[in-house]
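Chemist: Enclosed is the structure file run.cif (mmCIF, C-alpha atoms).
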```
data_input
loop_
_atom_site.group_PDB
_atom_site.id
_atom_site.type_symbol
_atom_site.label_atom_id
_atom_site.label_comp_id
_atom_site.auth_asym_id
_atom_site.auth_seq_id
_atom_site.Cartn_x
_atom_site.Cartn_y
_atom_site.Cartn_z
ATOM 1 C CA MET W 915 14.416 94.154 -48.770
ATOM 2 C CA GLY W 916 14.242 96.452 -51.780
ATOM 3 C CA PRO W 917 16.903 97.270 -54.367
ATOM 4 C CA ARG W 918 18.077 100.243 -52.312
ATOM 5 C CA SER W 919 19.297 97.877 -49.589
ATOM 6 C CA HIS W 920 22.304 96.971 -51.757
ATOM 7 C CA THR W 921 24.084 100.308 -51.532
ATOM 8 C CA ARG W 922 27.838 100.920 -51.362
ATOM 9 C CA ARG W 923 29.207 104.325 -50.421
ATOM 10 C CA LEU W 924 32.598 105.945 -50.623
ATOM 11 C CA VAL W 925 32.701 108.997 -48.386
ATOM 12 C CA GLY W 926 35.559 111.379 -47.787
ATOM 13 C CA ARG W 927 36.022 114.544 -45.856
ATOM 14 C CA ARG W 928 38.767 117.020 -45.186
ATOM 15 C CA THR W 929 37.931 119.040 -42.119
ATOM 16 C CA ARG W 930 40.203 122.091 -42.340
ATOM 17 C CA ARG W 931 39.118 123.075 -45.827
ATOM 18 C CA ARG W 932 35.651 121.527 -45.462
ATOM 19 C CA ARG W 933 35.967 119.423 -48.602
ATOM 20 C CA LEU W 934 33.421 116.668 -48.918
ATOM 21 C CA TRP W 935 32.790 114.006 -51.499
ATOM 22 C CA VAL W 936 30.370 111.100 -51.670
ATOM 23 C CA VAL W 937 29.807 108.291 -54.156
ATOM 24 C CA SER W 938 26.803 106.020 -53.783
ATOM 25 C CA LEU W 939 26.346 102.814 -55.824
ATOM 26 C CA THR W 940 22.957 101.045 -55.801
ATOM 27 C CA LYS W 941 21.510 98.061 -57.658
ATOM 28 C CA ILE W 942 18.762 99.211 -60.015
ATOM 29 C CA SER W 943 16.558 96.156 -59.596
ATOM 30 C CA LEU W 944 16.116 92.858 -57.795
ATOM 31 C CA TRP W 945 15.367 91.156 -61.119
ATOM 32 C CA GLU W 946 18.078 88.583 -61.797
ATOM 33 C CA PHE W 947 18.809 89.738 -65.345
ATOM 34 C CA TYR W 948 19.639 93.229 -64.031
ATOM 35 C CA ALA W 949 21.897 91.857 -61.277
ATOM 36 C CA GLY W 950 24.985 93.491 -62.788
ATOM 37 C CA VAL W 951 23.495 96.935 -63.398
ATOM 38 C CA ALA W 952 23.891 99.718 -60.833
ATOM 39 C CA GLU W 953 23.133 103.394 -60.664
ATOM 40 C CA TYR W 954 25.415 105.771 -58.880
ATOM 41 C CA SER W 955 25.641 109.341 -57.692
ATOM 42 C CA VAL W 956 28.734 111.463 -57.232
ATOM 43 C CA TYR W 957 28.646 114.641 -55.163
ATOM 44 C CA ILE W 958 31.588 116.900 -54.455
ATOM 45 C CA THR W 959 31.684 120.380 -53.001
ATOM 46 C CA ASN W 960 32.701 123.288 -55.228
ATOM 47 C CA ASP W 961 35.946 123.831 -53.332
ATOM 48 C CA THR W 962 36.990 120.265 -54.244
ATOM 49 C CA CYS W 963 36.831 120.871 -58.000
ATOM 50 C CA GLY W 964 40.155 120.912 -59.819
ATOM 51 C CA PHE W 965 42.034 118.685 -57.367
ATOM 52 C CA GLY W 966 41.441 115.351 -59.146
ATOM 53 C CA VAL W 967 38.903 114.205 -56.561
ATOM 54 C CA GLY W 968 36.275 113.463 -59.214
ATOM 55 C CA GLN W 969 38.695 111.315 -61.222
ATOM 56 C CA SER W 970 39.774 109.463 -58.091
ATOM 57 C CA LEU W 971 36.170 108.867 -57.072
ATOM 58 C CA LEU W 972 35.162 107.514 -60.464
ATOM 59 C CA LYS W 973 38.222 105.251 -60.517
ATOM 60 C CA ALA W 974 37.355 103.933 -57.030
ATOM 61 C CA LEU W 975 33.720 103.540 -58.087
ATOM 62 C CA ILE W 976 34.698 101.477 -61.131
ATOM 63 C CA GLU W 977 37.038 99.278 -59.085
ATOM 64 C CA SER W 978 34.422 98.795 -56.363
ATOM 65 C CA SER W 979 31.693 97.993 -58.874
ATOM 66 C CA GLU W 980 33.797 95.428 -60.702
ATOM 67 C CA GLY W 981 34.714 93.863 -57.356
ATOM 68 C CA ALA W 982 30.964 93.479 -56.782
ATOM 69 C CA VAL W 983 30.481 92.024 -60.316
ATOM 70 C CA TYR W 984 28.557 94.922 -61.859
ATOM 71 C CA TRP W 985 28.818 95.033 -65.644
ATOM 72 C CA MET W 986 27.005 98.340 -66.229
ATOM 73 C CA LEU W 987 27.046 101.625 -64.333
ATOM 74 C CA GLN W 988 24.519 104.352 -65.059
ATOM 75 C CA SER W 989 23.764 107.797 -63.739
ATOM 76 C CA VAL W 990 22.335 111.172 -64.701
ATOM 77 C CA VAL W 991 24.063 114.562 -64.805
ATOM 78 C CA PHE W 992 22.379 117.940 -65.131
ATOM 79 C CA SER W 993 22.755 118.879 -68.795
ATOM 80 C CA GLU W 994 24.463 122.201 -68.040
ATOM 81 C CA ASN W 995 27.149 120.509 -65.887
ATOM 82 C CA LYS W 996 29.759 120.310 -68.654
ATOM 83 C CA ALA W 997 32.605 119.641 -66.200
ATOM 84 C CA SER W 998 30.883 116.515 -64.881
ATOM 85 C CA ILE W 999 29.952 115.307 -68.360
ATOM 86 C CA ASP W 1000 33.582 115.765 -69.478
ATOM 87 C CA LEU W 1001 34.866 114.053 -66.329
ATOM 88 C CA HIS W 1002 32.634 111.053 -66.996
ATOM 89 C CA GLY W 1003 33.795 110.933 -70.611
ATOM 90 C CA SER W 1004 37.440 110.858 -69.513
ATOM 91 C CA ALA W 1005 36.640 107.857 -67.262
ATOM 92 C CA GLY W 1006 35.098 105.827 -70.093
ATOM 93 C CA PHE W 1007 31.444 106.782 -69.630
ATOM 94 C CA TRP W 1008 29.329 107.904 -72.593
ATOM 95 C CA ALA W 1009 26.135 109.906 -72.972
ATOM 96 C CA ALA W 1010 23.326 107.398 -73.517
ATOM 97 C CA GLY W 1011 20.551 109.964 -73.913
ATOM 98 C CA ILE W 1012 18.811 113.042 -72.592
ATOM 99 C CA ARG W 1013 15.810 113.038 -70.286
ATOM 100 C CA LYS W 1014 13.778 116.240 -70.326
ATOM 101 C CA ARG W 1015 11.898 117.600 -67.335
ATOM 102 C CA VAL W 1016 12.785 114.596 -65.187
ATOM 103 C CA GLY W 1017 14.170 116.330 -62.100
ATOM 104 C CA LEU W 1018 12.046 118.765 -60.114
ATOM 105 C CA MET W 1019 14.065 121.081 -57.903
ATOM 106 C CA LEU W 1020 12.554 121.200 -54.422
ATOM 107 C CA CYS W 1021 14.648 123.936 -52.831
ATOM 108 C CA GLY W 1022 17.155 126.683 -53.494
ATOM 109 C CA PRO W 1023 17.178 129.328 -56.222
ATOM 110 C CA MET W 1024 15.855 126.846 -58.807
ATOM 111 C CA LYS W 1025 12.950 125.674 -56.643
ATOM 112 C CA SER W 1026 9.972 124.425 -58.697
ATOM 113 C CA LEU W 1027 11.999 124.236 -61.929
ATOM 114 C CA TRP W 1028 12.111 121.050 -63.987
ATOM 115 C CA ARG W 1029 15.611 119.935 -64.971
ATOM 116 C CA GLU W 1030 16.996 118.173 -68.023
ATOM 117 C CA VAL W 1031 19.590 115.464 -67.411
ATOM 118 C CA VAL W 1032 22.092 113.566 -69.532
ATOM 119 C CA MET W 1033 22.107 109.826 -68.924
ATOM 120 C CA VAL W 1034 25.673 108.501 -68.688
ATOM 121 C CA GLU W 1035 26.759 104.889 -68.575
ATOM 122 C CA ARG W 1036 29.841 102.713 -68.647
ATOM 123 C CA ARG W 1037 30.270 99.076 -69.519
ATOM 124 C CA SER W 1038 32.718 97.008 -67.451
ATOM 125 C CA GLN W 1039 35.903 95.920 -69.193
ATOM 126 C CA VAL W 1040 35.970 92.845 -66.919
ATOM 127 C CA PHE W 1041 32.393 91.493 -66.664
ATOM 128 C CA GLY W 1042 29.764 91.106 -69.368
ATOM 129 C CA VAL W 1043 32.344 91.427 -72.122
ATOM 130 C CA ASP W 1044 31.234 89.789 -75.373
#
```
Kindly return the structure encoded in the file as structure tokens.

Modeler:
Amino acid sequence: MGPRSHTRRLVGRRTRRRRLWVVSLTKISLWEFYAGVAEYSVYITNDTCGFGVGQSLLKALIESSEGAVYWMLQSVVFSENKASIDLHGSAGFWAAGIRKRVGLMLCGPMKSLWREVVMVERRSQVFGVD
């Protein structure tokens, strides 16, 4: 069983307007000292933007992660995605750094382009507090 076997997902869908959102939370390692650190991904369709879905998802993600005793959440956001970076900031996440040429696009109009990402993270206010 690898670290990916400890995944939690929040999935929503609204059929008439075809809105979809997904949050995935995964342990980063099986090493004991990283037991409370998880990476996550948030995906929402463009027609969902502006309805508070992102805020609701991050709130649910934080609650779910603290219920599972995670003390650190981390993710990456494409550097040009200002809306997502701002959304994360409003939910208590901060930019921990920039990774250059880390994501290679495999399809679509940006196929074969390397992407820069902003690393975002949030420390639990419940667990791992000094």

Chemist: Pick from W:Tyr948, W:Phe965, W:Tyr984, W:Tyr957: nearest to Ser998 (chain W), with only C-alpha atoms counted?

Modeler: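 Once distances to Ser998 (chain W) are computed over only C-alpha atoms, the minimum belongs to W:Tyr957.
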
Chemist: Grab the CA of Gly1017 (chain W) to CA of Val1032 (chain W) distance for me, in Å with one decimal place.

Modeler: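 CA of Val1032 (chain W) lies at a distance of 11.2 Å from CA of Gly1017 (chain W).
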
Chemist: Given all atoms listed in the file as the basis, pick out the residue of W:Thr959, W:Gln988, W:Ser1026, W:Ser970 nearest to Lys941 (chain W).

Modeler: W:Gln988

Chemist: Using only C-alpha atoms, can you tell me which of W:Ser978, W:Ser989, W:Ser938, W:Gln969 comes closest to Ser1004 (chain W)?

Modeler: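 The closest residue to Ser1004 (chain W) is W:Gln969.
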
Chemist: Considering only C-alpha atoms, can you say which of W:Val1031, W:Val991, W:Val937, W:Leu1001 comes closest to Gly964 (chain W)?

Modeler: W:Leu1001

Chemist: Hey, can you check how far CA of Phe1007 (chain W) sits from CA of Gly950 (chain W)?

Modeler: 16.3 Å

Chemist: Using all atoms listed in the file, find the one residue out of W:Ala1005, W:Ile958, W:Glu953, W:Leu944 that sits nearest to Met986 (chain W).

Modeler: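 Using all atoms listed in the file, Met986 (chain W) sits closest to W:Glu953.
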
Chemist: Using Å and a single decimal, report how far CA of Ile1012 (chain W) sits from CA of Glu977 (chain W).

Modeler: 26.5 Å

Chemist: Between W:Phe1041, W:Phe947, W:Tyr954, W:Phe992, single out the one closest to Trp1028 (chain W), counting all atoms listed in the file.

Modeler: W:Phe992

Chemist: Convert the output of the PyMOL selection byres ((chain W and resi 1039) around 12) on the shown file into explicit residues, formatted as a JSON list (two decimals) with C-alpha atoms, keeping the file's coordinate frame.

Modeler:
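part.json was written with the following content:
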```json
[["chain", "number", "residue", "atom", "x", "y", "z"],
["W", 976, "ILE", "CA", 34.70, 101.48, -61.13],
["W", 977, "GLU", "CA", 37.04, 99.28, -59.08],
["W", 979, "SER", "CA", 31.69, 97.99, -58.87],
["W", 980, "GLU", "CA", 33.80, 95.43, -60.70],
["W", 983, "VAL", "CA", 30.48, 92.02, -60.32],
["W", 984, "TYR", "CA", 28.56, 94.92, -61.86],
["W", 985, "TRP", "CA", 28.82, 95.03, -65.64],
["W", 986, "MET", "CA", 27.00, 98.34, -66.23],
["W", 987, "LEU", "CA", 27.05, 101.62, -64.33],
["W", 1006, "GLY", "CA", 35.10, 105.83, -70.09],
["W", 1007, "PHE", "CA", 31.44, 106.78, -69.63],
["W", 1036, "ARG", "CA", 29.84, 102.71, -68.65],
["W", 1037, "ARG", "CA", 30.27, 99.08, -69.52],
["W", 1038, "SER", "CA", 32.72, 97.01, -67.45],
["W", 1040, "VAL", "CA", 35.97, 92.84, -66.92],
["W", 1041, "PHE", "CA", 32.39, 91.49, -66.66],
["W", 1042, "GLY", "CA", 29.76, 91.11, -69.37],
["W", 1043, "VAL", "CA", 32.34, 91.43, -72.12],
["W", 1044, "ASP", "CA", 31.23, 89.79, -75.37]]
```

Chemist: Check which residues satisfy the PyMOL selection byres ((chain W and resi 1008) around 6) in the file shown, then give them as number ranges by chain.

Modeler: W: 1003, 1007, 1009, 1034-1035

Chemist: For the residues in that selection, give me C-alpha atoms as a compact mmCIF listing (two decimals), in the coordinates of the input.

Modeler:
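And here is the file that came out, result_13.txt:
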```
# COMPACT_ATOMS: atom_id res chain seq x y z
CA GLY W 1003 33.80 110.93 -70.61
CA PHE W 1007 31.44 106.78 -69.63
CA ALA W 1009 26.14 109.91 -72.97
CA VAL W 1034 25.67 108.50 -68.69
CA GLU W 1035 26.76 104.89 -68.58
```

Chemist: Find the axis-aligned box for region 1014-1031 of chain W, covering all its listed atoms and adding 4 Å on each side, and write its centre and edge lengths in Å to one decimal as lines of an AutoDock Vina configuration file.

Modeler:
```
center_x = 14.8
center_y = 122.0
center_z = -61.6
size_x = 17.6
size_y = 22.7
size_z = 25.5
```

Chemist: Which residues are close to Glu1030 (chain W), i.e. within 6 Å by only C-alpha atoms, leaving aside same-chain residues fewer than 2 positions away? Reply as a list of chain:residue names.

Modeler: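 After dropping sequence-adjacent residues, the list is W:Ser993, W:Arg1013, W:Lys1014, W:Arg1015.
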
Chemist: I need the residues from that last selection saved to file as a short mmCIF file (atom, residue, chain, number, x, y, z; two decimals), keeping the file's coordinate frame (with C-alpha atoms), if you can.

Modeler:
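Written file, result23.cif:
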```cif
data_model
loop_
_atom_site.label_atom_id
_atom_site.label_comp_id
_atom_site.auth_asym_id
_atom_site.auth_seq_id
_atom_site.Cartn_x
_atom_site.Cartn_y
_atom_site.Cartn_z
CA SER W 993 22.76 118.88 -68.80
CA ARG W 1013 15.81 113.04 -70.29
CA LYS W 1014 13.78 116.24 -70.33
CA ARG W 1015 11.90 117.60 -67.33
#
```

Chemist: Keeping all heavy atoms (and nothing else), can you write region 943-956 of chain W of this structure as a short mmCIF file (atom, residue, chain, number, x, y, z; two decimals), in the first residue's frame?

Modeler:
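Result written to selection25.cif:
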```cif
data_model
loop_
_atom_site.label_atom_id
_atom_site.label_comp_id
_atom_site.auth_asym_id
_atom_site.auth_seq_id
_atom_site.Cartn_x
_atom_site.Cartn_y
_atom_site.Cartn_z
N SER W 943 3.44 10.97 2.31
CA SER W 943 4.46 9.96 2.58
C SER W 943 3.95 8.96 3.61
O SER W 943 3.05 9.26 4.39
CB SER W 943 5.72 10.65 3.13
OG SER W 943 6.69 9.71 3.52
N LEU W 944 4.55 7.79 3.62
CA LEU W 944 4.26 6.80 4.65
C LEU W 944 5.20 6.94 5.85
O LEU W 944 5.02 6.28 6.86
CB LEU W 944 4.34 5.38 4.08
CG LEU W 944 3.25 5.03 3.08
CD1 LEU W 944 3.46 3.61 2.55
CD2 LEU W 944 1.88 5.16 3.70
N TRP W 945 6.20 7.82 5.72
CA TRP W 945 7.10 8.07 6.84
C TRP W 945 6.31 8.67 8.00
O TRP W 945 5.52 9.59 7.81
CB TRP W 945 8.21 9.03 6.44
CG TRP W 945 9.24 8.40 5.56
CD1 TRP W 945 9.26 8.41 4.20
CD2 TRP W 945 10.37 7.65 5.98
NE1 TRP W 945 10.34 7.72 3.74
CE2 TRP W 945 11.06 7.24 4.82
CE3 TRP W 945 10.88 7.29 7.21
CZ2 TRP W 945 12.22 6.48 4.87
CZ3 TRP W 945 12.05 6.54 7.26
CH2 TRP W 945 12.70 6.15 6.10
N GLU W 946 6.54 8.15 9.19
CA GLU W 946 5.79 8.54 10.38
C GLU W 946 5.85 10.04 10.67
O GLU W 946 4.86 10.66 11.05
CB GLU W 946 6.32 7.76 11.57
CG GLU W 946 5.46 7.82 12.79
CD GLU W 946 5.96 6.90 13.87
OE1 GLU W 946 6.14 5.70 13.60
OE2 GLU W 946 6.18 7.39 14.99
N PHE W 947 7.02 10.65 10.47
CA PHE W 947 7.15 12.07 10.81
C PHE W 947 6.45 12.98 9.81
O PHE W 947 6.33 14.17 10.04
CB PHE W 947 8.61 12.50 11.01
CG PHE W 947 9.57 12.04 9.95
CD1 PHE W 947 9.70 12.72 8.76
CD2 PHE W 947 10.33 10.90 10.15
CE1 PHE W 947 10.58 12.30 7.80
CE2 PHE W 947 11.22 10.47 9.19
CZ PHE W 947 11.35 11.16 8.02
N TYR W 948 5.97 12.45 8.70
CA TYR W 948 5.15 13.20 7.75
C TYR W 948 3.68 12.81 7.84
O TYR W 948 2.89 13.15 6.96
CB TYR W 948 5.62 12.99 6.31
CG TYR W 948 6.94 13.62 5.97
CD1 TYR W 948 7.95 12.86 5.42
CD2 TYR W 948 7.16 14.97 6.18
CE1 TYR W 948 9.17 13.42 5.08
CE2 TYR W 948 8.37 15.55 5.85
CZ TYR W 948 9.38 14.77 5.30
OH TYR W 948 10.57 15.33 4.97
N ALA W 949 3.30 12.08 8.88
CA ALA W 949 1.95 11.53 8.99
C ALA W 949 0.86 12.60 8.92
O ALA W 949 -0.24 12.34 8.46
CB ALA W 949 1.81 10.74 10.29
N GLY W 950 1.17 13.81 9.33
CA GLY W 950 0.16 14.87 9.35
C GLY W 950 0.26 15.84 8.18
O GLY W 950 -0.30 16.94 8.23
N VAL W 951 0.98 15.46 7.14
CA VAL W 951 1.15 16.34 5.98
C VAL W 951 0.45 15.72 4.78
O VAL W 951 0.66 14.55 4.46
CB VAL W 951 2.64 16.57 5.66
CG1 VAL W 951 2.78 17.54 4.48
CG2 VAL W 951 3.39 17.09 6.89
N ALA W 952 -0.40 16.51 4.13
CA ALA W 952 -1.14 16.01 2.96
C ALA W 952 -1.06 17.00 1.82
O ALA W 952 -0.95 18.21 2.04
CB ALA W 952 -2.60 15.76 3.33
N GLU W 953 -1.11 16.49 0.62
CA GLU W 953 -1.23 17.35 -0.55
C GLU W 953 -2.67 17.24 -1.04
O GLU W 953 -3.35 16.26 -0.78
CB GLU W 953 -0.24 16.96 -1.64
CG GLU W 953 -0.48 15.62 -2.26
CD GLU W 953 0.54 15.27 -3.34
OE1 GLU W 953 1.39 16.11 -3.67
OE2 GLU W 953 0.48 14.15 -3.85
N TYR W 954 -3.09 18.26 -1.72
CA TYR W 954 -4.47 18.26 -2.20
C TYR W 954 -4.54 18.91 -3.56
O TYR W 954 -3.64 19.64 -3.98
CB TYR W 954 -5.40 18.99 -1.22
CG TYR W 954 -5.12 20.47 -1.16
CD1 TYR W 954 -5.84 21.35 -1.96
CD2 TYR W 954 -4.12 20.98 -0.35
CE1 TYR W 954 -5.57 22.69 -1.94
CE2 TYR W 954 -3.85 22.31 -0.32
CZ TYR W 954 -4.56 23.17 -1.12
OH TYR W 954 -4.29 24.51 -1.11
N SER W 955 -5.63 18.63 -4.25
CA SER W 955 -5.93 19.25 -5.53
C SER W 955 -7.37 19.71 -5.50
O SER W 955 -8.23 19.04 -4.93
CB SER W 955 -5.77 18.24 -6.67
OG SER W 955 -4.45 17.76 -6.73
N VAL W 956 -7.62 20.86 -6.09
CA VAL W 956 -8.97 21.38 -6.22
C VAL W 956 -9.21 21.66 -7.69
O VAL W 956 -8.41 22.34 -8.33
CB VAL W 956 -9.16 22.70 -5.43
CG1 VAL W 956 -10.55 23.26 -5.64
CG2 VAL W 956 -8.88 22.50 -3.95
#
```
